file model-v3.cif (mmCIF, C-alpha atoms)
data_target
#
loop_
_atom_site.label_atom_id
_atom_site.label_comp_id
_atom_site.auth_asym_id
_atom_site.auth_seq_id
_atom_site.Cartn_x
_atom_site.Cartn_y
_atom_site.Cartn_z
CA MET A 1 16.33 65.83 2.46
CA LYS A 2 17.00 67.06 -1.06
CA THR A 3 18.96 63.90 -1.86
CA GLN A 4 16.15 61.72 -0.53
CA THR A 5 13.55 63.59 -2.59
CA LYS A 6 15.70 63.30 -5.72
CA SER A 7 16.16 59.58 -5.06
CA LYS A 8 12.41 59.10 -4.74
CA LYS A 9 11.85 60.92 -8.03
CA VAL A 10 14.44 58.72 -9.77
CA ASN A 11 12.89 55.55 -8.34
CA LYS A 12 9.41 56.66 -9.36
CA ALA A 13 10.60 57.49 -12.88
CA TRP A 14 12.36 54.10 -13.19
CA LEU A 15 9.25 52.29 -11.96
CA HIS A 16 7.07 54.18 -14.43
CA ASP A 17 9.41 53.36 -17.32
CA HIS A 18 9.68 49.73 -16.20
CA LEU A 19 5.94 49.16 -15.94
CA ASN A 20 5.36 50.73 -19.34
CA ASP A 21 8.26 48.92 -21.00
CA THR A 22 7.23 46.95 -24.08
CA TYR A 23 9.40 43.96 -23.18
CA VAL A 24 8.22 43.90 -19.55
CA LYS A 25 4.63 43.69 -20.76
CA LEU A 26 5.58 41.05 -23.33
CA ALA A 27 7.36 38.97 -20.69
CA GLN A 28 4.32 39.11 -18.43
CA ARG A 29 2.05 38.08 -21.30
CA GLU A 30 4.27 35.21 -22.50
CA GLY A 31 5.18 33.85 -19.07
CA TYR A 32 8.84 34.83 -18.87
CA ARG A 33 10.29 35.81 -15.51
CA ALA A 34 12.15 38.82 -16.92
CA ARG A 35 12.44 40.94 -20.06
CA ALA A 36 16.02 39.61 -20.41
CA ALA A 37 14.57 36.58 -22.22
CA TYR A 38 14.14 38.74 -25.32
CA LYS A 39 17.82 39.69 -25.36
CA LEU A 40 18.80 36.04 -25.76
CA LYS A 41 15.89 35.45 -28.13
CA GLU A 42 17.09 38.20 -30.46
CA ILE A 43 20.67 36.93 -30.40
CA ASP A 44 19.52 33.38 -31.06
CA GLU A 45 17.20 34.36 -33.89
CA GLU A 46 20.06 36.19 -35.59
CA LEU A 47 22.72 33.51 -35.13
CA HIS A 48 20.69 30.26 -34.71
CA LEU A 49 22.74 29.04 -31.74
CA ILE A 50 20.24 27.04 -29.71
CA LYS A 51 18.72 23.85 -31.11
CA PRO A 52 16.85 20.87 -29.63
CA GLY A 53 19.06 18.08 -28.34
CA GLN A 54 21.88 20.33 -27.14
CA ILE A 55 23.52 20.75 -23.76
CA VAL A 56 23.32 24.39 -22.65
CA VAL A 57 24.90 25.90 -19.53
CA ASP A 58 23.32 29.10 -18.17
CA LEU A 59 25.73 31.09 -15.97
CA GLY A 60 24.23 33.83 -13.82
CA SER A 61 20.80 32.35 -14.43
CA VAL A 62 18.59 34.10 -11.84
CA PRO A 63 15.69 34.81 -12.18
CA GLY A 64 15.62 32.15 -14.91
CA ALA A 65 14.40 33.93 -18.04
CA TRP A 66 17.30 32.69 -20.19
CA SER A 67 16.78 29.11 -19.01
CA GLN A 68 13.08 29.53 -19.78
CA TYR A 69 13.91 30.68 -23.31
CA VAL A 70 16.24 27.71 -23.89
CA ARG A 71 13.55 25.45 -22.42
CA ARG A 72 11.09 26.78 -24.97
CA ARG A 73 13.55 26.19 -27.82
CA PHE A 74 13.93 22.60 -26.67
CA ALA A 75 10.16 22.02 -26.68
CA PRO A 76 8.70 24.49 -29.18
CA LYS A 77 5.53 22.48 -29.83
CA GLU A 78 4.81 21.82 -26.16
CA VAL A 79 4.45 25.40 -24.88
CA GLY A 80 0.97 26.41 -23.82
CA VAL A 81 -0.48 29.89 -23.48
CA GLY A 82 1.44 31.82 -20.83
CA GLY A 83 3.86 28.92 -20.31
CA ALA A 84 7.36 29.81 -21.44
CA ALA A 85 8.89 26.59 -20.14
CA ALA A 86 6.79 23.45 -20.18
CA GLY A 87 6.35 20.15 -21.98
CA ALA A 88 8.64 17.35 -23.14
CA LEU A 89 12.30 18.35 -23.01
CA ASN A 90 14.68 17.51 -25.86
CA GLY A 91 18.01 18.69 -24.48
CA THR A 92 19.85 19.44 -21.24
CA ILE A 93 19.90 22.77 -19.39
CA ILE A 94 22.24 23.33 -16.45
CA ALA A 95 21.90 26.65 -14.62
CA LEU A 96 24.16 28.29 -12.04
CA ASP A 97 23.86 31.40 -9.88
CA VAL A 98 25.00 32.71 -6.50
CA LEU A 99 21.34 33.44 -5.68
CA PRO A 100 18.53 30.90 -5.27
CA MET A 101 16.31 30.35 -8.30
CA GLU A 102 12.71 29.21 -8.42
CA PRO A 103 12.60 25.76 -10.08
CA ILE A 104 12.00 25.41 -13.81
CA GLU A 105 10.76 22.04 -15.01
CA GLY A 106 13.63 20.04 -16.51
CA VAL A 107 16.35 22.57 -15.62
CA PHE A 108 19.10 21.41 -13.27
CA PHE A 109 20.00 24.33 -11.00
CA LEU A 110 23.16 24.65 -8.92
CA GLN A 111 23.50 27.50 -6.43
CA GLY A 112 27.05 28.74 -5.96
CA ASP A 113 29.76 31.19 -6.99
CA LEU A 114 31.68 30.22 -10.12
CA ARG A 115 34.71 32.07 -8.71
CA GLU A 116 35.05 29.28 -6.13
CA GLU A 117 36.95 26.17 -7.21
CA SER A 118 34.58 23.91 -5.27
CA VAL A 119 31.55 25.29 -7.14
CA LEU A 120 33.30 24.91 -10.49
CA GLY A 121 34.03 21.30 -9.49
CA GLU A 122 30.35 20.69 -8.69
CA LEU A 123 29.30 22.16 -12.04
CA GLU A 124 31.82 20.01 -13.90
CA ALA A 125 30.58 16.94 -12.02
CA VAL A 126 27.04 17.64 -13.26
CA ILE A 127 28.32 18.02 -16.85
CA ALA A 128 30.18 14.72 -16.39
CA ASP A 129 32.56 15.10 -19.35
CA ARG A 130 29.71 15.66 -21.80
CA PRO A 131 30.56 18.25 -24.48
CA VAL A 132 28.58 21.48 -24.06
CA ASP A 133 27.03 23.07 -27.15
CA VAL A 134 26.26 26.56 -25.86
CA VAL A 135 27.26 28.57 -22.79
CA VAL A 136 25.20 31.66 -22.02
CA SER A 137 26.45 34.07 -19.36
CA ASP A 138 24.43 36.92 -17.91
CA MET A 139 26.81 37.16 -14.95
CA ALA A 140 27.41 40.65 -13.60
CA PRO A 141 29.00 41.82 -10.34
CA ASN A 142 27.47 44.15 -7.78
CA LEU A 143 28.72 47.53 -9.00
CA SER A 144 30.40 49.92 -6.59
CA GLY A 145 30.40 53.00 -8.81
CA ILE A 146 34.20 53.02 -8.83
CA GLU A 147 35.00 52.49 -12.50
CA SER A 148 38.38 50.78 -12.12
CA ALA A 149 37.11 48.33 -9.50
CA ASP A 150 33.89 47.59 -11.39
CA SER A 151 35.79 47.07 -14.64
CA ALA A 152 38.09 44.55 -12.95
CA ARG A 153 35.11 42.63 -11.50
CA ILE A 154 33.31 42.55 -14.86
CA THR A 155 36.46 41.43 -16.67
CA HIS A 156 37.06 38.64 -14.16
CA LEU A 157 33.56 37.19 -14.63
CA VAL A 158 33.89 37.32 -18.42
CA GLU A 159 37.28 35.62 -18.21
CA LEU A 160 35.76 32.87 -16.06
CA ALA A 161 33.02 32.32 -18.65
CA VAL A 162 35.59 32.16 -21.44
CA GLU A 163 37.77 29.71 -19.49
CA PHE A 164 34.75 27.54 -18.80
CA ALA A 165 33.79 27.62 -22.47
CA GLN A 166 37.33 26.69 -23.54
CA ALA A 167 37.28 23.70 -21.21
CA HIS A 168 33.82 22.36 -22.06
CA LEU A 169 32.50 23.58 -25.43
CA THR A 170 32.36 21.40 -28.50
CA PRO A 171 34.72 22.63 -31.26
CA GLN A 172 31.76 24.32 -32.98
CA GLY A 173 30.17 25.53 -29.74
CA ALA A 174 29.21 29.07 -28.81
CA LEU A 175 29.51 31.44 -25.87
CA VAL A 176 27.11 34.35 -25.33
CA CYS A 177 28.44 36.70 -22.68
CA LYS A 178 27.22 39.99 -21.23
CA VAL A 179 29.85 42.74 -21.19
CA PHE A 180 29.79 46.50 -20.70
CA HIS A 181 31.18 49.29 -22.83
CA GLY A 182 33.84 51.28 -21.04
CA SER A 183 37.18 50.53 -19.46
CA GLY A 184 38.34 47.02 -20.34
CA TYR A 185 35.87 46.44 -23.19
CA SER A 186 38.50 46.37 -25.96
CA GLN A 187 40.54 43.82 -23.99
CA LEU A 188 37.51 41.55 -23.71
CA VAL A 189 36.89 41.80 -27.46
CA LYS A 190 40.53 40.80 -27.98
CA LEU A 191 40.09 37.87 -25.58
CA PHE A 192 37.10 36.66 -27.60
CA LYS A 193 38.96 37.07 -30.91
CA THR A 194 41.87 35.11 -29.46
CA THR A 195 39.54 32.32 -28.32
CA PHE A 196 36.90 32.03 -31.06
CA ARG A 197 36.94 31.84 -34.84
CA VAL A 198 33.85 34.03 -35.18
CA VAL A 199 33.16 36.96 -32.83
CA LYS A 200 30.10 39.16 -33.01
CA PRO A 201 29.11 42.00 -30.66
CA ILE A 202 25.33 42.46 -30.43
CA LYS A 203 23.26 45.13 -28.69
CA PRO A 204 19.74 43.61 -28.64
CA LYS A 205 16.74 45.90 -28.98
CA ALA A 206 15.54 44.51 -25.65
CA SER A 207 18.63 45.98 -23.97
CA ARG A 208 17.74 49.39 -22.61
CA ASP A 209 19.13 52.33 -24.57
CA LYS A 210 20.57 53.89 -21.42
CA SER A 211 22.42 50.71 -20.49
CA SER A 212 26.07 50.26 -21.45
CA GLU A 213 25.59 46.51 -21.66
CA THR A 214 26.18 44.64 -24.86
CA PHE A 215 26.78 40.97 -25.65
CA LEU A 216 29.79 39.30 -27.15
CA VAL A 217 29.13 36.07 -29.03
CA GLY A 218 31.98 33.71 -29.80
CA ILE A 219 31.44 30.74 -32.12
CA GLY A 220 33.89 27.90 -32.81
CA LEU A 221 36.91 27.49 -30.55
CA LYS A 222 40.27 28.27 -32.08
CA THR A 223 42.99 25.67 -31.87
CA PRO A 224 46.07 26.62 -29.81
CA ALA A 225 47.94 27.20 -33.09
CA GLN A 226 45.23 29.56 -34.34
CA ALA A 227 45.24 31.40 -31.03
CA ARG A 228 49.03 31.82 -31.17
CA ALA A 229 48.74 33.10 -34.73
CA TYR A 230 46.37 35.78 -33.45
CA GLY A 231 48.88 36.78 -30.82
CA ALA A 232 47.85 34.87 -27.71
CA ASP A 233 50.60 33.93 -25.27
CA ILE A 234 50.08 30.16 -25.45
CA PRO A 235 53.01 27.72 -25.11
CA ALA A 236 53.69 25.57 -28.16
#

call {"tool": "encode", "arguments": {"input": "model-v3.cif", "output": "structure tokens"}}
result
Amino acid sequence: MKTQTKSKKVNKAWLHDHLNDTYVKLAQREGYRARAAYKLKEIDEELHLIKPGQIVVDLGSVPGAWSQYVRRRFAPKEVGVGGAAAGALNGTIIALDVLPMEPIEGVFFLQGDLREESVLGELEAVIADRPVDVVVSDMAPNLSGIESADSARITHLVELAVEFAQAHLTPQGALVCKVFHGSGYSQLVKLFKTTFRVVKPIKPKASRDKSSETFLVGIGLKTPAQARAYGADIPA
């Protein structure tokens, strides 16, 4: 009974904080599906990654706030009051998630698990050999509370995003990827520095203070020679 009461108090406190959250209110006012839109917005405003005419792939897209933000960047003059994703689209957005996502005008959505080869094949078929300008990944596993297991799951998803970026990004392209401080974080930073010429960790203001999440941004793929010079185990 005590545990149940404590759980109810925690849930009530979280709900109170959530409903009074500045970014939650802003998302409701501006038509975004989640406050997460402002995390990508802050990263983009600092680094100027997303521009009209690009091809952007959104991994772990549900509920769709990141795709909505990209959609707005592709049609900045066509957004009406309360409409975060509307109007003529100048660019291509391809979204993927294991969960179903409510449609967003102009966004191609594929439901599936990127860890499955068949799903990766479907995603690559949609891209159809077109070079991708930006990959954004908000993928995160269901956490078990066991640090070693959770760290391995997080690392695997980040590695999949990096591998996808290596295979499909333009030479000057960028990857934005959610990671978590803790076990395995330094290895993921090293992976990014091995893969990209510019690496920047960013903790957006829209990311909750209590959360261990941060975002690694990699810009410009290194050549195999550059990666070997950094210390990557890549055959000559």

call {"tool": "closest_residue", "arguments": {"input": "model-v3.cif", "among": "A:Gln68, A:Lys205, A:Ile104, A:Phe215", "to": "Ala37 in chain A", "atoms": "all atoms listed in the file"}}
result
A:Gln68

call {"tool": "residues_near_point", "arguments": {"input": "model-v3.cif", "point": "(29.1, 33.1, -26.3)", "cutoff": "8 Å", "atoms": "all atoms listed in the file", "output": "list in words"}}
result
Val134, Val135, Val136, Ser137, Ala174, Leu175, Val176, Cys177, Leu216, Val217, Gly218 and Ile219 of chain A

call {"tool": "resolve_selection", "arguments": {"input": "model-v3.cif", "expression": "the PyMOL selection byres ((chain A and resi 123) around 12)", "output": "PyMOL selection string"}}
result
chain A and resi 57-59+93-97+108-122+124-130+164+168

call {"tool": "resolve_selection", "arguments": {"input": "model-v3.cif", "expression": "the PyMOL selection byres ((chain A and resi 192-197) around 6)", "output": "list in words"}}
result
Val189, Lys190, Leu191, Val198, Gly218, Ile219, Gly220, Leu221, Lys222 and Ala227 of chain A

call {"tool": "residues_around", "arguments": {"input": "model-v3.cif", "residues": "Asn142 in chain A", "least_positions_apart": "6", "cutoff": "10 Å", "atoms": "all atoms listed in the file", "output": "ChimeraX atom specification"}}
result
/A:150,153-154

call {"tool": "atom_distance", "arguments": {"input": "model-v3.cif", "atom1": "CA of Glu45 in chain A", "atom2": "CA of Ser183 in chain A"}}
result
29.5 Å

call {"tool": "atom_distance", "arguments": {"input": "model-v3.cif", "atom1": "CA of Ile146 in chain A", "atom2": "CA of Pro100 in chain A"}}
result
27.3 Å

call {"tool": "closest_residue", "arguments": {"input": "model-v3.cif", "among": "A:Leu47, A:Phe74, A:Gly64, A:Gln54", "to": "Val199 in chain A", "atoms": "only C-alpha atoms"}}
result
A:Leu47

call {"tool": "closest_residue", "arguments": {"input": "model-v3.cif", "among": "A:Leu188, A:Val162, A:Val107, A:Leu99", "to": "Val70 in chain A", "atoms": "all atoms listed in the file"}}
result
A:Val107

call {"tool": "closest_residue", "arguments": {"input": "model-v3.cif", "among": "A:Ser186, A:Leu169, A:Val62, A:Gly106", "to": "Ala140 in chain A", "atoms": "all atoms listed in the file"}}
result
A:Val62

call {"tool": "residues_near_point", "arguments": {"input": "model-v3.cif", "point": "(33.1, 52.6, -15.7)", "cutoff": "12 Å", "atoms": "only C-alpha atoms", "output": "list in words"}}
result
Leu143, Ser144, Gly145, Ile146, Glu147, Ser148, Ala149, Asp150, Ser151, Ala152, Arg153, Ile154, Thr155, Val179, Phe180, His181, Gly182, Ser183, Gly184, Tyr185, Ser211, Ser212 and Glu213 of chain A

call {"tool": "atom_distance", "arguments": {"input": "model-v3.cif", "atom1": "CA of Lys200 in chain A", "atom2": "CA of Val98 in chain A"}}
result
27.8 Å

call {"tool": "resolve_selection", "arguments": {"input": "model-v3.cif", "expression": "the PyMOL selection byres ((chain A and resi 43) around 9)", "output": "VMD selection string"}}
result
chain A and resid 38 to 42 44 to 49 176 202 to 204 215 217

call {"tool": "closest_residue", "arguments": {"input": "model-v3.cif", "among": "A:Glu102, A:Glu159, A:Asp209, A:Asp138", "to": "Lys178 in chain A", "atoms": "all atoms listed in the file"}}
result
A:Asp138

call {"tool": "closest_residue", "arguments": {"input": "model-v3.cif", "among": "A:Val132, A:Val56, A:Met101, A:Ala225", "to": "Thr170 in chain A", "atoms": "all atoms listed in the file"}}
result
A:Val132
